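Student: My structure file upload.txt, compact mmCIF, C-alpha atoms, is below:
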# COMPACT_ATOMS: atom_id res chain seq x y z
CA GLY A 100 35.88 -11.39 43.54
CA ALA A 101 36.65 -12.59 47.04
CA ILE A 102 34.02 -12.26 49.75
CA SER A 103 34.97 -9.62 52.33
CA VAL A 104 33.70 -9.06 55.83
CA GLY A 105 34.38 -5.65 57.37
CA GLY A 106 36.77 -4.89 54.52
CA SER A 107 38.92 -8.00 55.07
CA PRO A 108 38.83 -10.98 52.68
CA LEU A 109 37.69 -14.28 54.13
CA ALA A 110 40.52 -16.73 54.73
CA SER A 111 38.66 -19.43 52.80
CA GLY A 112 38.36 -17.34 49.63
CA ASN A 113 34.95 -17.24 47.94
CA THR A 114 33.06 -19.45 50.39
CA PHE A 115 31.84 -19.14 53.94
CA THR A 116 29.63 -21.13 56.32
CA ALA A 117 26.32 -19.76 57.56
CA VAL A 118 23.25 -20.93 59.46
CA ALA A 119 20.06 -21.28 57.40
CA ASP A 120 16.92 -19.48 58.51
CA GLY A 121 14.22 -21.75 57.05
CA SER A 122 14.43 -24.21 54.17
CA ILE A 123 16.65 -23.40 51.17
CA ALA A 124 16.40 -25.13 47.79
CA ASN A 125 19.52 -26.09 45.85
CA ASN A 126 21.15 -23.43 43.64
CA LYS A 127 18.91 -20.62 44.88
CA PRO A 128 20.13 -17.05 45.58
CA LEU A 129 20.48 -16.17 49.26
CA VAL A 130 20.02 -13.10 51.44
CA ILE A 131 22.00 -12.42 54.63
CA LYS A 132 19.52 -11.34 57.31
CA THR A 133 20.10 -8.91 60.17
CA ASN A 134 20.29 -11.86 62.58
CA GLY A 135 23.39 -13.14 60.75
CA LYS A 136 21.58 -16.12 59.21
CA VAL A 137 20.83 -16.65 55.52
CA CYS A 138 17.52 -17.33 53.80
CA GLU A 139 16.37 -17.94 50.24
CA ALA A 140 15.71 -14.76 48.26
CA LYS A 141 12.01 -14.57 47.45
CA GLU A 142 9.73 -12.10 45.75
CA VAL A 143 6.87 -10.42 47.56
CA PRO A 144 3.90 -8.46 46.19
CA THR A 145 3.92 -4.68 46.47
CA VAL A 146 0.66 -3.02 47.38
CA LEU A 147 0.21 0.18 45.35
CA ALA A 148 -2.32 2.95 45.82
CA THR A 149 -6.00 2.40 45.16
CA PRO A 150 -6.62 2.93 41.40
CA THR A 151 -8.07 6.30 40.43
CA GLN A 152 -11.76 6.21 39.52
CA ASN A 153 -13.34 9.12 37.66
CA SER A 154 -16.89 8.30 38.68
CA GLN A 155 -19.07 5.52 39.98
CA ALA A 156 -22.53 4.83 38.61
CA ASP A 157 -24.85 2.10 37.40
CA HIS A 158 -24.65 1.68 33.63
CA GLY A 159 -26.65 -0.24 31.10
CA PRO A 160 -29.78 -2.36 31.34
CA THR A 161 -31.37 -3.70 34.48
CA TRP A 162 -33.08 -6.97 33.61
CA ASP A 163 -33.21 -8.96 36.86
CA THR A 164 -33.71 -8.02 40.49
CA ASP A 165 -32.57 -11.08 42.43
CA ILE A 166 -29.20 -12.13 40.97
CA ARG A 167 -26.89 -14.43 42.92
CA TRP A 168 -23.59 -16.27 42.41
CA LEU A 169 -22.20 -14.32 39.48
CA GLY A 170 -19.50 -15.74 37.17
CA ALA A 171 -17.93 -13.55 34.48
CA ALA A 172 -15.55 -13.81 31.51
CA TYR A 173 -14.34 -11.49 28.75
CA GLY A 174 -14.78 -12.63 25.13
CA ARG A 175 -11.86 -11.24 23.13
CA THR A 176 -13.20 -12.28 19.73
CA HIS A 177 -16.19 -9.90 19.83
CA SER A 178 -15.11 -7.69 22.79
CA THR A 179 -18.08 -8.79 24.85
CA VAL A 180 -18.65 -9.47 28.53
CA PHE A 181 -20.24 -12.79 29.45
CA LEU A 182 -22.12 -13.26 32.71
CA ALA A 183 -23.56 -16.42 34.23
CA TYR A 184 -25.70 -16.12 37.35
CA MET A 185 -28.63 -17.55 39.23
CA ASN A 186 -31.84 -15.61 38.77
CA TYR A 187 -33.52 -16.63 41.99
CA ASN A 188 -36.91 -15.83 40.49
CA SER A 189 -36.46 -18.39 37.69
CA ASP A 190 -33.32 -20.39 36.79
CA THR A 191 -29.65 -19.94 35.96
CA GLU A 192 -29.10 -17.51 33.10
CA MET A 193 -26.26 -16.54 30.77
CA VAL A 194 -26.13 -13.07 29.24
CA LEU A 195 -23.89 -11.33 26.69
CA LEU A 196 -23.14 -7.63 27.20
CA GLN A 197 -21.57 -5.07 24.86
CA PRO A 198 -19.62 -2.24 26.53
CA SER A 199 -19.22 0.87 24.33
CA GLY A 200 -18.82 4.63 24.38
CA THR A 201 -16.49 6.89 26.33
CA ASN A 202 -14.79 4.94 29.13
CA LEU A 203 -17.07 2.02 28.13
CA ALA A 204 -19.86 3.74 30.05
CA THR A 205 -22.65 2.30 27.89
CA VAL A 206 -23.58 -1.36 28.28
CA THR A 207 -26.02 -3.03 25.89
CA GLN A 208 -27.68 -6.32 26.72
CA ALA A 209 -27.20 -8.47 23.63
CA SER A 210 -28.57 -11.91 24.40
CA ILE A 211 -29.86 -14.05 27.26
CA GLN A 212 -29.84 -17.84 27.41
CA LEU A 213 -31.54 -19.88 30.12
CA ILE A 214 -30.13 -22.99 31.78
CA ASN A 215 -33.25 -24.78 32.97
CA GLU A 216 -31.71 -25.60 36.33
CA LYS A 217 -30.85 -23.66 39.47
CA TRP A 218 -27.06 -23.45 39.70
CA TYR A 219 -25.09 -21.55 42.28
CA TYR A 220 -21.40 -20.99 43.20
CA LEU A 221 -20.87 -20.12 39.51
CA ASP A 222 -17.57 -19.50 37.74
CA ALA A 223 -16.86 -18.80 34.04
CA ALA A 224 -13.95 -18.77 31.57
CA TYR A 225 -13.45 -18.08 27.85
CA ASP A 226 -12.12 -20.49 25.19
CA VAL A 227 -10.38 -18.01 22.87
CA ASP A 228 -9.51 -20.72 20.32
CA ASN A 229 -13.14 -21.75 19.74
CA ASN A 230 -14.97 -18.58 20.85
CA LYS A 231 -16.94 -20.38 23.55
CA TYR A 232 -17.68 -19.70 27.20
CA GLY A 233 -17.43 -22.40 29.84
CA VAL A 234 -19.48 -22.31 33.04
CA ILE A 235 -19.20 -24.47 36.15
CA GLY A 236 -21.66 -24.49 39.03
CA VAL A 237 -23.53 -26.60 41.53
CA ASP A 238 -27.06 -27.73 40.61
CA GLN A 239 -29.39 -27.17 43.53
CA GLY A 240 -32.05 -29.42 42.04
CA THR A 241 -29.98 -32.64 41.72
CA GLY A 242 -28.38 -33.11 45.10
CA THR A 243 -25.92 -30.23 44.54
CA TYR A 244 -23.99 -32.06 41.81
CA PRO A 245 -21.17 -30.06 40.18
CA LYS A 246 -22.02 -29.42 36.51
CA PHE A 247 -20.52 -27.85 33.39
CA VAL A 248 -22.15 -26.11 30.43
CA PHE A 249 -20.80 -24.09 27.49
CA ALA A 250 -22.22 -21.30 25.36
CA ASN A 251 -21.53 -20.41 21.71
CA SER A 252 -21.17 -16.81 20.57
CA SER A 253 -21.31 -16.47 16.77
CA SER A 254 -21.39 -12.67 16.99
CA SER A 255 -21.40 -9.86 19.54
CA THR A 256 -25.19 -10.09 19.74
CA ASN A 257 -25.71 -13.86 19.68
CA LEU A 258 -25.45 -16.42 22.46
CA SER A 259 -26.64 -20.03 22.44
CA ALA A 260 -26.34 -22.57 25.23
CA GLY A 261 -25.00 -26.08 24.80
CA SER A 262 -25.98 -29.15 26.79
CA SER A 263 -24.97 -29.35 30.45
CA GLN A 264 -23.09 -32.35 31.81
CA THR A 265 -22.70 -33.67 35.34
CA LEU A 266 -19.08 -33.78 36.46
CA ARG A 267 -19.68 -35.90 39.53
CA ALA A 268 -22.78 -37.36 41.22
CA GLY A 269 -21.81 -36.02 44.62
CA ASN A 270 -22.40 -33.19 47.04
CA GLY A 271 -20.46 -30.31 45.52
CA ALA A 272 -21.54 -27.47 47.77
CA SER A 273 -20.92 -26.18 51.26
CA SER A 274 -19.01 -23.33 52.85
CA GLU A 275 -15.83 -22.57 50.85
CA HIS A 276 -16.39 -25.47 48.44
CA HIS A 277 -16.83 -23.37 45.31
CA PRO A 278 -16.14 -24.96 41.89
CA ARG A 279 -13.58 -23.20 39.66
CA ILE A 280 -12.77 -23.14 35.95
CA CYS A 281 -9.90 -21.81 33.84
CA TYR A 282 -8.95 -22.00 30.18
CA CYS A 283 -5.72 -23.88 29.47
CA GLY A 284 -5.27 -23.53 25.70
CA SER A 285 -5.87 -25.88 22.76
CA GLY A 286 -9.65 -25.92 23.28
CA ARG A 287 -9.38 -27.16 26.90
CA PHE A 288 -10.97 -26.06 30.14
CA ALA A 289 -9.66 -27.23 33.51
CA VAL A 290 -12.36 -27.57 36.17
CA LEU A 291 -11.95 -27.93 39.92
CA TYR A 292 -14.74 -29.13 42.21
CA THR A 293 -15.37 -30.81 45.56
CA ASP A 294 -17.38 -33.80 46.72
CA TYR A 295 -18.28 -33.02 50.31
CA GLY A 296 -19.50 -36.58 50.79
CA THR A 297 -16.10 -38.17 50.09
CA SER A 298 -14.03 -36.57 52.86
CA GLU A 299 -14.24 -33.14 51.19
CA THR A 300 -12.06 -34.31 48.32
CA VAL A 301 -11.12 -31.80 45.63
CA TYR A 302 -11.03 -33.12 42.03
CA VAL A 303 -9.55 -31.71 38.83
CA ARG A 304 -10.62 -32.65 35.30
CA ILE A 305 -9.84 -31.52 31.74
CA LEU A 306 -12.68 -30.78 29.28
CA THR A 307 -11.66 -30.70 25.59
CA TRP A 308 -13.70 -29.32 22.68
CA ASN A 309 -14.62 -32.23 20.42
CA GLY A 310 -14.67 -30.11 17.28
CA SER A 311 -18.42 -30.23 16.74
CA ASN A 312 -20.94 -30.02 19.56
CA ASN A 313 -19.55 -30.40 23.09
CA TYR A 314 -16.59 -30.67 25.46
CA THR A 315 -15.37 -34.17 26.26
CA ALA A 316 -14.60 -34.83 29.90
CA GLY A 317 -11.24 -36.44 30.66
CA THR A 318 -10.19 -38.50 33.66
CA GLU A 319 -11.23 -37.24 37.09
CA VAL A 320 -8.15 -36.83 39.31
CA ALA A 321 -8.33 -36.50 43.11
CA VAL A 322 -6.19 -33.62 44.39
CA HIS A 323 -6.51 -33.96 48.17
CA THR A 324 -8.98 -34.73 50.95
CA TYR A 325 -10.34 -32.29 53.54
CA CYS A 326 -9.72 -29.17 51.46
CA LYS A 327 -11.40 -25.79 51.36
CA GLY A 328 -10.82 -22.56 49.47
CA SER A 329 -9.45 -24.41 46.44
CA CYS A 330 -8.59 -22.43 43.29
CA ILE A 331 -6.91 -23.02 39.94
CA ALA A 332 -4.96 -21.10 37.28
CA TYR A 333 -3.14 -21.95 34.05
CA HIS A 334 0.53 -21.02 33.61
CA ALA A 335 0.65 -20.60 29.84
CA ASP A 336 4.43 -20.41 29.32
CA SER A 337 5.03 -23.74 31.07
CA GLY A 338 1.72 -25.38 30.14
CA LYS A 339 1.12 -26.23 33.80
CA LEU A 340 -1.88 -25.93 36.10
CA ILE A 341 -1.44 -24.36 39.54
CA ILE A 342 -3.92 -25.57 42.19
CA ALA A 343 -3.95 -24.05 45.67
CA TYR A 344 -6.07 -25.05 48.66
CA ARG A 345 -6.33 -24.94 52.45
CA GLN A 346 -5.65 -28.19 54.32
CA GLU A 347 -8.12 -28.60 57.17
CA GLN A 348 -6.27 -31.47 58.85
CA GLN A 349 -2.84 -29.82 58.71
CA ALA A 350 -3.40 -26.65 60.77
CA ASN A 351 -5.33 -25.04 57.89
CA THR A 352 -2.12 -24.23 56.05
CA THR A 353 -2.29 -23.07 52.44
CA VAL A 354 -0.44 -25.25 49.92
CA ALA A 355 -0.27 -25.63 46.13
CA VAL A 356 0.48 -28.36 43.61
CA VAL A 357 1.56 -28.20 39.97
CA GLY A 358 -0.48 -30.14 37.41
CA THR A 359 0.90 -31.54 34.14
CA ILE A 360 -1.72 -32.15 31.44
CA SER A 361 -1.41 -35.15 29.14
CA GLY A 362 -3.66 -37.07 26.75
CA THR A 363 -6.62 -35.78 24.76
CA GLY A 364 -10.39 -36.08 24.81
CA GLY A 365 -11.69 -38.70 27.19
CA SER A 366 -8.14 -39.79 28.06
CA ALA A 367 -6.96 -36.32 29.08
CA THR A 368 -5.59 -36.38 32.61
CA VAL A 369 -3.55 -34.35 35.10
CA THR A 370 -0.45 -35.56 36.94
CA LEU A 371 0.11 -33.68 40.19
CA SER A 372 3.38 -32.71 41.84
CA SER A 373 4.11 -32.87 45.54
CA GLU A 374 2.71 -30.08 47.70
CA HIS A 375 4.49 -26.75 48.08
CA SER A 376 3.94 -24.34 50.96
CA VAL A 377 2.13 -21.09 50.15
CA ASN A 378 1.15 -19.59 53.51
CA GLY A 379 1.09 -20.58 57.17
CA ALA A 380 -1.53 -21.91 59.58
CA ASP A 381 -5.12 -20.68 59.52
CA THR A 382 -4.85 -19.00 56.11
CA GLY A 383 -6.36 -19.44 52.65
CA ARG A 384 -10.06 -18.83 53.20
CA GLY A 385 -11.77 -18.06 49.90
CA GLY A 386 -8.47 -18.37 48.03
CA GLN A 387 -7.98 -17.01 44.51
CA ILE A 388 -5.02 -17.47 42.19
CA ILE A 389 -3.92 -15.86 38.92
CA VAL A 390 -0.85 -15.71 36.65
CA ASP A 391 0.84 -12.37 35.91
CA ASP A 392 1.55 -12.82 32.20
CA SER A 393 4.15 -10.05 32.13
CA THR A 394 6.41 -11.78 34.67
CA ASP A 395 5.12 -15.40 34.68
CA LYS A 396 4.70 -15.07 38.44
CA ILE A 397 1.71 -16.61 40.22
CA VAL A 398 -0.25 -14.36 42.57
CA TYR A 399 -2.35 -15.88 45.34
CA CYS A 400 -4.73 -14.08 47.69
CA GLY A 401 -6.82 -15.39 50.57
CA ARG A 402 -8.12 -14.48 53.97
CA SER A 403 -6.06 -15.24 57.07
CA ASP A 404 -7.72 -15.98 60.39
CA ASN A 405 -4.65 -14.49 62.07
CA GLY A 406 -6.18 -11.04 62.54
CA SER A 407 -8.83 -11.67 59.88
CA VAL A 408 -6.91 -9.90 57.11
CA PHE A 409 -6.45 -10.50 53.39
CA GLN A 410 -2.96 -11.65 52.45
CA SER A 411 -1.26 -12.04 49.08
CA VAL A 412 1.69 -14.25 48.11
CA VAL A 413 3.81 -14.23 44.92
CA MET A 414 5.12 -17.58 43.65
CA SER A 415 7.61 -18.51 40.94
CA LEU A 416 7.53 -21.76 38.97
CA SER A 417 10.48 -23.85 37.84
CA GLY A 418 9.54 -27.21 36.33
CA THR A 419 7.07 -28.56 38.86
CA THR A 420 8.53 -26.67 41.82
CA LEU A 421 6.78 -23.64 43.28
CA THR A 422 8.69 -21.15 45.42
CA ALA A 423 6.55 -18.79 47.48
CA GLY A 424 7.57 -15.39 48.77
CA SER A 425 6.51 -13.88 52.07
CA ALA A 426 2.83 -13.12 52.65
CA VAL A 427 1.88 -9.44 52.44
CA THR A 428 -1.18 -8.05 54.17
CA ILE A 429 -3.45 -6.41 51.59
CA GLU A 430 -5.96 -5.01 54.04
CA GLY A 431 -5.00 -4.32 57.64
CA SER A 432 -8.46 -3.78 59.07
CA THR A 433 -10.41 -6.69 60.51
CA ILE A 434 -12.60 -8.58 58.04
CA SER A 435 -15.17 -10.05 60.33
CA THR A 436 -17.96 -11.78 58.41
CA ALA A 437 -18.21 -14.76 56.09
CA ASP A 438 -19.38 -12.55 53.22
CA ASP A 439 -15.95 -10.90 53.17
CA ARG A 440 -13.93 -14.07 52.68
CA TYR A 441 -13.78 -14.06 48.92
CA PRO A 442 -11.33 -11.74 47.15
CA HIS A 443 -11.22 -11.63 43.36
CA LEU A 444 -8.12 -11.33 41.17
CA SER A 445 -7.92 -9.87 37.67
CA TYR A 446 -4.92 -9.31 35.40
CA ILE A 447 -4.78 -5.98 33.56
CA ASP A 448 -2.55 -6.69 30.57
CA LYS A 449 -2.19 -3.08 29.40
CA ALA A 450 -0.87 -2.04 32.80
CA ASN A 451 0.94 -5.29 33.68
CA LYS A 452 -0.80 -5.23 37.05
CA VAL A 453 -2.87 -7.64 39.13
CA LEU A 454 -6.06 -6.08 40.51
CA ILE A 455 -7.32 -7.43 43.84
CA SER A 456 -10.91 -6.60 44.75
CA TYR A 457 -12.68 -7.42 47.98
CA CYS A 458 -15.45 -6.26 50.31
CA ARG A 459 -15.33 -5.17 53.95
CA SER A 460 -18.13 -4.93 56.48
CA ASP A 461 -16.86 -2.02 58.59
CA GLY A 462 -19.08 0.57 56.97
CA THR A 463 -16.97 1.15 53.85
CA SER A 464 -17.72 0.02 50.31
CA SER A 465 -15.91 -2.54 48.18
CA LYS A 466 -12.20 -1.87 47.71
CA PHE A 467 -9.62 -2.40 44.99
CA ARG A 468 -5.85 -2.76 45.19
CA GLU A 469 -3.33 -3.04 42.38
CA GLY A 470 0.12 -4.55 42.65
Take the structure in the file and give it back as structure tokens.
Tutor:
Amino acid sequence: GAISVGGSPLASGNTFTAVADGSIANNKPLVIKTNGKVCEAKEVPTVLATPTQNSQADHGPTWDTDIRWLGAAYGRTHSTVFLAYMNYNSDTEMVLLQPSGTNLATVTQASIQLINEKWYYLDAAYDVDNNKYGVIGVDQGTGTYPKFVFANSSSSTNLSAGSSQTLRAGNGASSEHHPRICYCGSGRFAVLYTDYGTSETVYVRILTWNGSNNYTAGTEVAVHTYCKGSCIAYHADSGKLIIAYRQEQQANTTVAVVGTISGTGGSATVTLSSEHSVNGADTGRGGQIIVDDSTDKIVYCGRSDNGSVFQSVVMSLSGTTLTAGSAVTIEGSTISTADDRYPHLSYIDKANKVLISYCRSDGTSSKFREG
């Protein structure tokens, strides 16, 4: 019907003129603000109560005493937990664990495989189509080159390591330059890594299972220079990659691009969209990103230097356009040290919730939020 103001229809019928508060994309729903201006309607995350925990205890085997840089993935085929980490007393190790019993309180160590190199800044993902785990890290022994390795799991008690491959002969490690990996369907991993020696450039590359003995690396694509806190996720319904990062030379704003995958094997590549704003200046330290499969929304979380708080942003995807909602503060207390910069996001499919975990240094233990 006709638009009314104060009970009286507008003289112009179903249209009226308003002043925009911020940028507004074409054909987007609008909200009239209390200041009389209009803005684009956007979704924001809702912080719920801390999840209930019945008890807290150490479970299962203790097999190493100096573990650093842990990467983890869940293997759906055999319901196993895969860990990759640096054993500072030897080399990088991969282990398969079997949770069982009431509330999964019993953890059995099934298998350990050794990577005969010292990797750190580790991340891991699971190839559900080929039952393989992918690991990315930085090799301390070869000039901090970013590297990739995979592991086979023929059963819940068996793990065997494949051959590692160097992704780039460059300096892949420094503060906030952590490599990332995600699974993007059809036997493909997407990896994200930095070469500190080439103007802190972030690169993305597709690795495709060759059907027999290894993953074939596709074309290396430069995302942007002078980036930190980069992270990556796969949006399964659209088949797109979402890459977010903090731009050092543009007021440390947080932005994201959409990646379209094409080609196969060694010709696989990623075409990137233009940048889309995620959060304002001095944000995005230790950024993490994940897709909420129940809503197809993208959830981003990172640390803001504006009060040293963790903030989360919800984004929606249409084609190659990302629309970000307003940032919501996850933790209001000051997060003061570098060790607290790295939140972690997990999607709980049975509850249709995103779990955000992080650590504080104000005398309390690690915290969890769901939203």
Student: Report, in Å with one decimal, the straight-line distance from CA of Ser255 (chain A) to CA of Gly233 (chain A).
Tutor: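 Between CA of Ser255 (chain A) and CA of Gly233 (chain A) the gap is 16.7 Å.
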Student: Expressed in Å to a single decimal, how great is the separation between CA of Ala172 (chain A) and CA of Thr265 (chain A)?
Tutor: 21.5 Å
Student: Dump as a tab-separated table the rows for residues of region 267-386 of chain A within 12 Å of region 406-413 of chain A: closest atom pair and distance in Å with one decimal, all atoms listed in the file counted, ordered by chain and rising residue number.
Tutor:
residue	atom	partner	partner_atom	distance
A:Ala343	CA	A:Val412	CA	11.6
A:Thr353	CA	A:Val412	CA	10.6
A:Val354	CA	A:Val412	CA	11.3
A:Ala355	CA	A:Val412	CA	11.7
A:Ser376	CA	A:Val412	CA	10.7
A:Val377	CA	A:Val412	CA	7.2
A:Asn378	CA	A:Val412	CA	7.6
A:Gly379	CA	A:Gln410	CA	10.9
A:Asp381	CA	A:Ser407	CA	9.8
A:Thr382	CA	A:Gln410	CA	8.4
A:Gly383	CA	A:Gln410	CA	8.5
A:Arg384	CA	A:Phe409	CA	9.1
A:Gly385	CA	A:Phe409	CA	9.9
A:Gly386	CA	A:Ser411	CA	9.7
Student: For CA of Leu169 (chain A) and CA of Arg279 (chain A), quote the distance in Å rounded to one decimal.
Tutor: 12.4 Å
Student: Between A:Gln212, A:Thr256, A:Leu221, A:Arg287, single out the one closest to Leu196 (chain A), counting all atoms listed in the file.
Tutor: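 Among the listed residues, the smallest separation from Leu196 (chain A) belongs to A:Thr256.
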Student: Out of A:Asp404, A:Glu374, A:Asp392, A:Asp190, which residue has the shortest atom-to-atom distance to Tyr344 (chain A) when counting only C-alpha atoms?
Tutor: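 The shortest atom-to-atom distance to Tyr344 (chain A) comes from A:Glu374.
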Student: Fewer than 2 positions away in the same chain doesn't count, so skip those; otherwise give me all residues within 8 Å of Thr422 (chain A), counting all atoms listed in the file, as a PyMOL selection string.
Tutor: chain A and resi 141+375-376+414-416+420+424
Student: Take the point (-14.3, -15.4, 26.9) in the file's coordinates, draw a sphere of radius 7 Å around it, and report as a ChimeraX atom specification every protein, DNA or RNA residue with an atom inside or on it, counting only C-alpha atoms.
Tutor: /A:172-175,181,224-227,230-232
Student: Using only C-alpha atoms for the distances, tell me which of A:Val194, A:Ala117, A:Ala426, A:Cys326 is nearest to Leu129 (chain A).
Tutor: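 Of all the options, A:Ala117 lies closest to Leu129 (chain A).
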Student: Measuring between only C-alpha atoms, which one of A:Asn351, A:Tyr244, A:Ser178, A:Gly364 shows the shortest distance to Ser199 (chain A)?
Tutor: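 Under the stated criterion, the closest residue is A:Ser178.
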Student: Which residue gives the smallest distance to Val369 (chain A) among A:Ala335, A:Cys400, A:Ala350, A:Ala289, with all atoms listed in the file counted?
Tutor: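 Using all atoms listed in the file, the shortest distance to Val369 (chain A) belongs to A:Ala289.
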Student: May I have the residues within 9 Å of Trp168 (chain A) as a PyMOL selection string, using only C-alpha atoms and disregarding those fewer than 3 positions away in the same chain?
Tutor: chain A and resi 183-185+218-222
Student: Point out the residue among A:Ser263, A:His323, A:Val237, A:Ser254 with the least atom-to-atom distance to Ser210 (chain A), counting only C-alpha atoms.
Tutor: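 Using only C-alpha atoms, the shortest distance to Ser210 (chain A) belongs to A:Ser254.
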